[in-house]
file input_17.tsv (TSV, C-alpha atoms and all ligand atoms)
chain	number	residue	atom	x	y	z
B	1	MET	CA	340.40	199.70	-243.13
B	2	PRO	CA	340.60	197.86	-239.77
B	3	PRO	CA	344.17	198.38	-238.51
B	4	ASN	CA	344.59	194.84	-237.24
B	5	GLU	CA	343.52	193.09	-240.47
B	6	ILE	CA	346.29	192.00	-242.83
B	7	ALA	CA	345.56	190.61	-246.31
B	8	ILE	CA	347.64	187.56	-247.13
B	9	GLY	CA	348.09	185.51	-250.28
B	10	SER	CA	350.43	182.95	-251.80
B	11	ASP	CA	350.86	180.60	-254.69
B	12	HIS	CA	351.51	176.86	-254.19
B	13	ALA	CA	355.21	177.50	-253.43
B	14	GLY	CA	354.27	179.81	-250.57
B	15	PHE	CA	351.25	177.91	-249.30
B	16	GLU	CA	353.00	176.07	-246.48
B	17	LEU	CA	354.71	179.20	-245.17
B	18	LYS	CA	351.43	181.11	-245.45
B	19	SER	CA	349.83	178.77	-242.89
B	20	VAL	CA	352.73	179.34	-240.48
B	21	ILE	CA	352.57	183.13	-240.94
B	22	LYS	CA	348.79	183.21	-240.43
B	23	GLU	CA	349.16	181.47	-237.09
B	24	LEU	CA	351.92	183.87	-236.08
B	25	LEU	CA	349.80	186.89	-237.03
B	26	GLU	CA	346.92	185.59	-234.91
B	27	ASN	CA	349.28	185.08	-231.96
B	28	LEU	CA	350.46	188.68	-232.39
B	29	GLY	CA	346.86	189.95	-232.27
B	30	TYR	CA	346.30	190.48	-236.01
B	31	ILE	CA	343.54	189.10	-238.21
B	32	PRO	CA	344.92	187.54	-241.41
B	33	VAL	CA	342.44	187.78	-244.29
B	34	ASP	CA	343.38	184.94	-246.63
B	35	TYR	CA	343.08	185.48	-250.39
B	36	GLY	CA	344.35	181.96	-251.19
B	37	THR	CA	345.70	179.75	-252.56
B	38	GLU	CA	344.04	176.94	-250.61
B	39	ASP	CA	346.51	174.07	-251.11
B	40	SER	CA	349.77	173.00	-252.74
B	41	CYS	CA	348.31	172.46	-256.24
B	42	SER	CA	350.13	174.48	-258.86
B	43	VAL	CA	348.63	177.94	-259.51
B	44	ASP	CA	349.86	181.20	-261.05
B	45	TYR	CA	351.33	183.78	-258.67
B	46	PRO	CA	350.03	186.85	-260.60
B	47	ASP	CA	346.45	185.88	-259.69
B	48	TYR	CA	347.15	186.04	-255.96
B	49	ALA	CA	349.45	189.05	-256.16
B	50	PHE	CA	346.63	190.82	-257.99
B	51	LYS	CA	344.01	190.15	-255.30
B	52	VAL	CA	346.11	191.28	-252.33
B	53	SER	CA	347.75	194.23	-254.11
B	54	GLU	CA	344.47	195.53	-255.47
B	55	ALA	CA	342.94	195.42	-251.97
B	56	VAL	CA	345.90	197.33	-250.48
B	57	SER	CA	346.00	199.80	-253.39
B	58	LYS	CA	342.28	200.54	-252.96
B	59	GLY	CA	342.66	201.02	-249.21
B	60	VAL	CA	340.64	197.97	-248.16
B	61	PHE	CA	343.66	196.96	-246.04
B	62	ARG	CA	346.57	198.99	-244.77
B	63	ARG	CA	348.93	196.07	-245.18
B	64	GLY	CA	349.36	192.81	-247.01
B	65	ILE	CA	351.73	189.84	-247.18
B	66	LEU	CA	352.52	187.87	-250.34
B	67	ILE	CA	354.48	184.64	-250.58
B	68	CYS	CA	355.70	182.72	-253.63
B	69	GLY	CA	358.78	180.53	-254.16
B	70	THR	CA	361.37	183.29	-254.36
B	71	GLY	CA	359.21	186.34	-253.68
B	72	LEU	CA	360.29	187.76	-257.03
B	73	GLY	CA	357.15	187.20	-259.07
B	74	MET	CA	354.90	188.54	-256.31
B	75	SER	CA	357.11	191.65	-256.03
B	76	ILE	CA	356.97	192.34	-259.76
B	77	VAL	CA	353.18	192.23	-259.81
B	78	ALA	CA	352.53	194.03	-256.52
B	79	ASN	CA	354.65	197.06	-257.39
B	80	LYS	CA	352.54	197.75	-260.49
B	81	PHE	CA	349.70	198.93	-258.25
B	82	PRO	CA	349.48	202.63	-257.35
B	83	GLY	CA	350.30	203.28	-253.75
B	84	VAL	CA	351.74	199.82	-253.18
B	85	ARG	CA	355.24	199.68	-251.77
B	86	ALA	CA	356.00	195.97	-251.82
B	87	THR	CA	359.31	194.91	-250.32
B	88	LEU	CA	360.95	191.52	-250.68
B	89	CYS	CA	362.69	190.91	-247.36
B	90	HIS	CA	365.27	188.24	-246.65
B	91	ASP	CA	366.10	188.95	-243.02
B	92	PRO	CA	364.92	191.02	-240.04
B	93	TYR	CA	367.23	193.90	-241.04
B	94	THR	CA	365.67	194.38	-244.49
B	95	ALA	CA	362.23	194.01	-242.91
B	96	ARG	CA	363.01	196.74	-240.38
B	97	MET	CA	364.43	199.09	-243.00
B	98	SER	CA	361.49	198.46	-245.33
B	99	ARG	CA	359.20	199.89	-242.66
B	100	LEU	CA	361.45	202.65	-241.30
B	101	HIS	CA	362.53	204.09	-244.67
B	102	ASN	CA	360.12	202.79	-247.32
B	103	ASP	CA	356.86	202.60	-245.36
B	104	SER	CA	356.38	199.17	-246.90
B	105	ASN	CA	352.73	198.21	-247.11
B	106	ILE	CA	353.19	194.77	-248.65
B	107	LEU	CA	355.76	192.35	-247.27
B	108	VAL	CA	356.92	189.77	-249.81
B	109	LEU	CA	358.54	186.51	-248.74
B	110	GLY	CA	360.13	183.61	-250.60
B	111	GLY	CA	358.76	180.33	-249.29
B	112	ARG	CA	361.52	178.31	-250.98
B	113	VAL	CA	364.40	180.45	-249.79
B	114	LEU	CA	363.46	181.20	-246.19
B	115	ASP	CA	363.64	179.04	-243.15
B	116	SER	CA	360.21	179.36	-241.44
B	117	GLU	CA	361.81	180.59	-238.19
B	118	VAL	CA	363.55	183.44	-240.02
B	119	ALA	CA	360.34	184.18	-241.93
B	120	CYS	CA	358.48	184.54	-238.62
B	121	GLU	CA	361.13	186.93	-237.28
B	122	ILE	CA	360.83	188.98	-240.48
B	123	VAL	CA	357.05	189.21	-240.14
B	124	LYS	CA	357.25	190.13	-236.45
B	125	VAL	CA	359.71	192.96	-237.13
B	126	TRP	CA	357.72	194.16	-240.15
B	127	VAL	CA	354.38	194.42	-238.33
B	128	GLU	CA	355.92	196.07	-235.27
B	129	THR	CA	358.20	198.68	-236.88
B	130	PRO	CA	356.74	202.14	-237.57
B	131	PHE	CA	357.58	204.41	-240.53
B	132	GLU	CA	360.27	206.90	-239.59
B	133	GLY	CA	358.90	209.80	-241.66
B	134	GLY	CA	361.17	212.88	-241.90
B	135	ARG	CA	363.34	212.90	-245.04
B	136	HIS	CA	361.77	209.61	-246.14
B	137	LEU	CA	358.40	211.32	-246.61
B	138	ARG	CA	359.96	213.44	-249.37
B	139	ARG	CA	361.18	210.31	-251.11
B	140	LEU	CA	357.79	208.61	-250.90
B	141	GLU	CA	356.24	211.75	-252.36
B	142	LYS	CA	358.63	211.41	-255.32
B	143	ILE	CA	357.41	207.85	-255.85
B	144	ARG	CA	353.83	209.14	-255.80
B	145	LEU	CA	354.73	211.75	-258.44
B	146	ILE	CA	356.33	209.08	-260.64
B	147	GLU	CA	353.10	207.06	-260.41
B	148	GLU	CA	351.16	210.17	-261.41
B	149	LYS	CA	353.41	210.77	-264.43
B	150	ILE	CA	353.03	207.16	-265.56
B	151	ARG	CA	349.25	207.43	-265.15
B	152	ASN	CA	349.29	210.54	-267.36
B	153	GLY	CA	351.35	208.77	-270.01
B	154	VAL	CA	354.60	210.69	-269.45
U	1	LIG	C1	356.55	178.71	-258.90
U	1	LIG	O1	357.19	177.56	-259.35
U	1	LIG	C2	357.52	179.87	-258.80
U	1	LIG	O2	357.93	180.25	-260.06
U	1	LIG	C3	356.87	181.03	-258.06
U	1	LIG	O3	356.47	180.60	-256.81
U	1	LIG	C4	357.72	182.24	-257.81
U	1	LIG	O4	358.93	181.90	-257.20
U	1	LIG	C5	357.90	183.18	-258.94
U	1	LIG	O5	358.55	184.23	-258.85

call {"tool": "encode", "arguments": {"input": "input_17.tsv", "output": "structure tokens"}}
result
Amino acid sequence: MPPNEIAIGSDHAGFELKSVIKELLENLGYIPVDYGTEDSCSVDYPDYAFKVSEAVSKGVFRRGILICGTGLGMSIVANKFPGVRATLCHDPYTARMSRLHNDSNILVLGGRVLDSEVACEIVKVWVETPFEGGRHLRRLEKIRLIEEKIRNGV
């Protein structure tokens, strides 16, 4: 799990923003590992959400970024994976809080709703903000217990 590698994936609606975010990540000293898509041809977001979320859930990467048109579809899929805390962020404030309080490990962006400058600010804040811990650890533990109950069919 190299700390500076970040898995990234998008559908066609997020493809353009993905290229911008990859360049930003490189400039910030991270290595984006691209799970596709490769161009603007229409594809299905669950396929790309699956690849990145599975890799984060299994611990191959500590963090991932997913981009579709609104960010909604990617969020729905990503949060089905155990241990994934995917957060759809619309501004630097939600990005900061998603790290401080939720220990977000997948950042989700909407390529059709975000200006690329704002998207870059969001990514910068998200990669640079640490988890606050403290009382938020207790809350994350409750999420883990919910996942365990679901796994056991409760
Ligand atoms: C694709 O048209 C669009 O539905 C997708 O990118 C995403 O916004 C779904 O939530």

call {"tool": "residues_near_ligand", "arguments": {"input": "input_17.tsv", "ligand": "ligand LIG 1 (chain U)", "cutoff": "12 Å", "atoms": "all atoms listed in the file", "output": "mmCIF file with C-alpha atoms, in the coordinates of the input"}}
result
data_model
loop_
_atom_site.group_PDB
_atom_site.id
_atom_site.type_symbol
_atom_site.label_atom_id
_atom_site.label_comp_id
_atom_site.auth_asym_id
_atom_site.auth_seq_id
_atom_site.Cartn_x
_atom_site.Cartn_y
_atom_site.Cartn_z
ATOM 1 C CA GLY B 9 348.090 185.510 -250.280
ATOM 2 C CA SER B 10 350.430 182.950 -251.800
ATOM 3 C CA ASP B 11 350.860 180.600 -254.690
ATOM 4 C CA HIS B 12 351.510 176.860 -254.190
ATOM 5 C CA ALA B 13 355.210 177.500 -253.430
ATOM 6 C CA GLY B 14 354.270 179.810 -250.570
ATOM 7 C CA PHE B 15 351.250 177.910 -249.300
ATOM 8 C CA GLU B 16 353.000 176.070 -246.480
ATOM 9 C CA LEU B 17 354.710 179.200 -245.170
ATOM 10 C CA THR B 37 345.700 179.750 -252.560
ATOM 11 C CA SER B 40 349.770 173.000 -252.740
ATOM 12 C CA CYS B 41 348.310 172.460 -256.240
ATOM 13 C CA SER B 42 350.130 174.480 -258.860
ATOM 14 C CA VAL B 43 348.630 177.940 -259.510
ATOM 15 C CA ASP B 44 349.860 181.200 -261.050
ATOM 16 C CA TYR B 45 351.330 183.780 -258.670
ATOM 17 C CA PRO B 46 350.030 186.850 -260.600
ATOM 18 C CA ASP B 47 346.450 185.880 -259.690
ATOM 19 C CA TYR B 48 347.150 186.040 -255.960
ATOM 20 C CA ALA B 49 349.450 189.050 -256.160
ATOM 21 C CA LEU B 66 352.520 187.870 -250.340
ATOM 22 C CA ILE B 67 354.480 184.640 -250.580
ATOM 23 C CA CYS B 68 355.700 182.720 -253.630
ATOM 24 C CA GLY B 69 358.780 180.530 -254.160
ATOM 25 C CA THR B 70 361.370 183.290 -254.360
ATOM 26 C CA GLY B 71 359.210 186.340 -253.680
ATOM 27 C CA LEU B 72 360.290 187.760 -257.030
ATOM 28 C CA GLY B 73 357.150 187.200 -259.070
ATOM 29 C CA MET B 74 354.900 188.540 -256.310
ATOM 30 C CA SER B 75 357.110 191.650 -256.030
ATOM 31 C CA ILE B 76 356.970 192.340 -259.760
ATOM 32 C CA VAL B 77 353.180 192.230 -259.810
ATOM 33 C CA ALA B 78 352.530 194.030 -256.520
ATOM 34 C CA LEU B 88 360.950 191.520 -250.680
ATOM 35 C CA VAL B 108 356.920 189.770 -249.810
ATOM 36 C CA LEU B 109 358.540 186.510 -248.740
ATOM 37 C CA GLY B 110 360.130 183.610 -250.600
ATOM 38 C CA GLY B 111 358.760 180.330 -249.290
ATOM 39 C CA ARG B 112 361.520 178.310 -250.980
ATOM 40 C CA VAL B 113 364.400 180.450 -249.790
ATOM 41 C CA LEU B 114 363.460 181.200 -246.190
#

call {"tool": "residues_around", "arguments": {"input": "input_17.tsv", "residues": "Arg139 in chain B", "least_positions_apart": "5", "cutoff": "12 Å", "atoms": "only C-alpha atoms", "output": "list of chain:residue names"}}
result
B:His101, B:Asn102, B:Asp103, B:Gly133, B:Gly134, B:Arg144, B:Leu145, B:Ile146

call {"tool": "write_last_selection", "arguments": {"input": "input_17.tsv", "atoms": "C-alpha atoms", "output": "JSON list (two decimals), in the frame of the given file"}}
result
[["chain", "number", "residue", "atom", "x", "y", "z"],
["B", 101, "HIS", "CA", 362.53, 204.09, -244.67],
["B", 102, "ASN", "CA", 360.12, 202.79, -247.32],
["B", 103, "ASP", "CA", 356.86, 202.60, -245.36],
["B", 133, "GLY", "CA", 358.90, 209.80, -241.66],
["B", 134, "GLY", "CA", 361.17, 212.88, -241.90],
["B", 144, "ARG", "CA", 353.83, 209.14, -255.80],
["B", 145, "LEU", "CA", 354.73, 211.75, -258.44],
["B", 146, "ILE", "CA", 356.33, 209.08, -260.64]]

call {"tool": "atom_distance", "arguments": {"input": "input_17.tsv", "atom1": "CA of Ala55 in chain B", "atom2": "CA of Glu128 in chain B"}}
result
21.2 Å

call {"tool": "closest_residue", "arguments": {"input": "input_17.tsv", "among": "B:His90, B:Lys58, B:Lys80, B:Arg63", "to": "Ile31 in chain B", "atoms": "all atoms listed in the file"}}
result
B:Arg63

call {"tool": "decode", "arguments": {"input": "input_17.tsv", "residues": "range 142-153 of chain B", "atoms": "all heavy atoms", "output": "PDB file, in the first residue's frame"}}
result
ATOM      1  N   LYS B 142     -18.556   2.389  14.800  1.00  0.00           N
ATOM      2  CA  LYS B 142     -19.975   2.027  14.657  1.00  0.00           C
ATOM      3  C   LYS B 142     -20.307   1.670  13.208  1.00  0.00           C
ATOM      4  O   LYS B 142     -21.107   0.780  12.951  1.00  0.00           O
ATOM      5  CB  LYS B 142     -20.878   3.160  15.169  1.00  0.00           C
ATOM      6  CG  LYS B 142     -20.807   3.274  16.681  1.00  0.00           C
ATOM      7  CD  LYS B 142     -21.864   4.186  17.276  1.00  0.00           C
ATOM      8  CE  LYS B 142     -21.738   4.129  18.802  1.00  0.00           C
ATOM      9  NZ  LYS B 142     -22.786   4.867  19.502  1.00  0.00           N
ATOM     10  N   ILE B 143     -19.678   2.358  12.283  1.00  0.00           N
ATOM     11  CA  ILE B 143     -19.889   2.014  10.861  1.00  0.00           C
ATOM     12  C   ILE B 143     -19.340   0.612  10.596  1.00  0.00           C
ATOM     13  O   ILE B 143     -19.963  -0.208   9.922  1.00  0.00           O
ATOM     14  CB  ILE B 143     -19.209   3.050   9.927  1.00  0.00           C
ATOM     15  CG1 ILE B 143     -19.852   4.434  10.089  1.00  0.00           C
ATOM     16  CG2 ILE B 143     -19.289   2.603   8.472  1.00  0.00           C
ATOM     17  CD1 ILE B 143     -19.160   5.555   9.326  1.00  0.00           C
ATOM     18  N   ARG B 144     -18.165   0.331  11.173  1.00  0.00           N
ATOM     19  CA  ARG B 144     -17.560  -0.991  10.986  1.00  0.00           C
ATOM     20  C   ARG B 144     -18.485  -2.085  11.544  1.00  0.00           C
ATOM     21  O   ARG B 144     -18.674  -3.128  10.944  1.00  0.00           O
ATOM     22  CB  ARG B 144     -16.184  -1.037  11.675  1.00  0.00           C
ATOM     23  CG  ARG B 144     -15.296  -2.179  11.184  1.00  0.00           C
ATOM     24  CD  ARG B 144     -14.076  -2.385  12.064  1.00  0.00           C
ATOM     25  NE  ARG B 144     -14.428  -2.746  13.436  1.00  0.00           N
ATOM     26  CZ  ARG B 144     -14.848  -3.938  13.833  1.00  0.00           C
ATOM     27  NH1 ARG B 144     -14.969  -4.903  12.959  1.00  0.00           N
ATOM     28  NH2 ARG B 144     -15.160  -4.163  15.094  1.00  0.00           N
ATOM     29  N   LEU B 145     -19.091  -1.813  12.691  1.00  0.00           N
ATOM     30  CA  LEU B 145     -20.001  -2.794  13.300  1.00  0.00           C
ATOM     31  C   LEU B 145     -21.258  -2.996  12.447  1.00  0.00           C
ATOM     32  O   LEU B 145     -21.758  -4.117  12.336  1.00  0.00           O
ATOM     33  CB  LEU B 145     -20.396  -2.348  14.714  1.00  0.00           C
ATOM     34  CG  LEU B 145     -19.276  -2.477  15.757  1.00  0.00           C
ATOM     35  CD1 LEU B 145     -19.703  -1.854  17.079  1.00  0.00           C
ATOM     36  CD2 LEU B 145     -18.869  -3.931  15.963  1.00  0.00           C
ATOM     37  N   ILE B 146     -21.736  -1.929  11.829  1.00  0.00           N
ATOM     38  CA  ILE B 146     -22.898  -2.053  10.930  1.00  0.00           C
ATOM     39  C   ILE B 146     -22.530  -2.954   9.746  1.00  0.00           C
ATOM     40  O   ILE B 146     -23.291  -3.839   9.348  1.00  0.00           O
ATOM     41  CB  ILE B 146     -23.372  -0.658  10.449  1.00  0.00           C
ATOM     42  CG1 ILE B 146     -24.005   0.108  11.609  1.00  0.00           C
ATOM     43  CG2 ILE B 146     -24.347  -0.783   9.280  1.00  0.00           C
ATOM     44  CD1 ILE B 146     -24.257   1.589  11.335  1.00  0.00           C
ATOM     45  N   GLU B 147     -21.326  -2.739   9.206  1.00  0.00           N
ATOM     46  CA  GLU B 147     -20.878  -3.583   8.081  1.00  0.00           C
ATOM     47  C   GLU B 147     -20.827  -5.057   8.514  1.00  0.00           C
ATOM     48  O   GLU B 147     -21.201  -5.946   7.753  1.00  0.00           O
ATOM     49  CB  GLU B 147     -19.490  -3.146   7.608  1.00  0.00           C
ATOM     50  CG  GLU B 147     -19.502  -1.835   6.843  1.00  0.00           C
ATOM     51  CD  GLU B 147     -18.113  -1.379   6.414  1.00  0.00           C
ATOM     52  OE1 GLU B 147     -17.102  -1.929   6.917  1.00  0.00           O
ATOM     53  OE2 GLU B 147     -18.039  -0.456   5.597  1.00  0.00           O
ATOM     54  N   GLU B 148     -20.362  -5.268   9.736  1.00  0.00           N
ATOM     55  CA  GLU B 148     -20.249  -6.636  10.254  1.00  0.00           C
ATOM     56  C   GLU B 148     -21.636  -7.274  10.384  1.00  0.00           C
ATOM     57  O   GLU B 148     -21.835  -8.415   9.984  1.00  0.00           O
ATOM     58  CB  GLU B 148     -19.559  -6.582  11.620  1.00  0.00           C
ATOM     59  CG  GLU B 148     -18.897  -7.878  12.029  1.00  0.00           C
ATOM     60  CD  GLU B 148     -18.117  -7.655  13.308  1.00  0.00           C
ATOM     61  OE1 GLU B 148     -17.021  -7.076  13.220  1.00  0.00           O
ATOM     62  OE2 GLU B 148     -18.611  -8.048  14.380  1.00  0.00           O
ATOM     63  N   LYS B 149     -22.589  -6.497  10.887  1.00  0.00           N
ATOM     64  CA  LYS B 149     -23.963  -7.011  11.032  1.00  0.00           C
ATOM     65  C   LYS B 149     -24.547  -7.358   9.672  1.00  0.00           C
ATOM     66  O   LYS B 149     -25.190  -8.395   9.511  1.00  0.00           O
ATOM     67  CB  LYS B 149     -24.851  -5.959  11.712  1.00  0.00           C
ATOM     68  CG  LYS B 149     -24.658  -5.886  13.208  1.00  0.00           C
ATOM     69  CD  LYS B 149     -25.674  -4.920  13.803  1.00  0.00           C
ATOM     70  CE  LYS B 149     -25.440  -4.767  15.299  1.00  0.00           C
ATOM     71  NZ  LYS B 149     -26.306  -3.730  15.883  1.00  0.00           N
ATOM     72  N   ILE B 150     -24.327  -6.499   8.697  1.00  0.00           N
ATOM     73  CA  ILE B 150     -24.865  -6.754   7.352  1.00  0.00           C
ATOM     74  C   ILE B 150     -24.240  -8.025   6.789  1.00  0.00           C
ATOM     75  O   ILE B 150     -24.918  -8.869   6.200  1.00  0.00           O
ATOM     76  CB  ILE B 150     -24.628  -5.537   6.422  1.00  0.00           C
ATOM     77  CG1 ILE B 150     -25.485  -4.356   6.890  1.00  0.00           C
ATOM     78  CG2 ILE B 150     -24.916  -5.874   4.975  1.00  0.00           C
ATOM     79  CD1 ILE B 150     -25.162  -3.027   6.238  1.00  0.00           C
ATOM     80  N   ARG B 151     -22.903  -8.146   7.008  1.00  0.00           N
ATOM     81  CA  ARG B 151     -22.202  -9.346   6.516  1.00  0.00           C
ATOM     82  C   ARG B 151     -22.799 -10.624   7.131  1.00  0.00           C
ATOM     83  O   ARG B 151     -22.912 -11.649   6.491  1.00  0.00           O
ATOM     84  CB  ARG B 151     -20.713  -9.221   6.862  1.00  0.00           C
ATOM     85  CG  ARG B 151     -19.831  -9.987   5.937  1.00  0.00           C
ATOM     86  CD  ARG B 151     -18.329  -9.736   6.060  1.00  0.00           C
ATOM     87  NE  ARG B 151     -17.840  -9.399   7.364  1.00  0.00           N
ATOM     88  CZ  ARG B 151     -17.399  -8.199   7.718  1.00  0.00           C
ATOM     89  NH1 ARG B 151     -17.399  -7.208   6.830  1.00  0.00           N
ATOM     90  NH2 ARG B 151     -16.939  -7.964   8.932  1.00  0.00           N
ATOM     91  N   ASN B 152     -23.196 -10.514   8.415  1.00  0.00           N
ATOM     92  CA  ASN B 152     -23.745 -11.682   9.097  1.00  0.00           C
ATOM     93  C   ASN B 152     -25.249 -11.848   8.887  1.00  0.00           C
ATOM     94  O   ASN B 152     -25.893 -12.646   9.551  1.00  0.00           O
ATOM     95  CB  ASN B 152     -23.445 -11.586  10.606  1.00  0.00           C
ATOM     96  CG  ASN B 152     -21.951 -11.662  10.871  1.00  0.00           C
ATOM     97  OD1 ASN B 152     -21.212 -12.272  10.099  1.00  0.00           O
ATOM     98  ND2 ASN B 152     -21.491 -11.024  11.936  1.00  0.00           N
ATOM     99  N   GLY B 153     -25.807 -11.037   8.004  1.00  0.00           N
ATOM    100  CA  GLY B 153     -27.222 -11.181   7.645  1.00  0.00           C
ATOM    101  C   GLY B 153     -28.189 -10.627   8.662  1.00  0.00           C
ATOM    102  O   GLY B 153     -29.351 -11.046   8.712  1.00  0.00           O
TER     103      GLY B 153
END
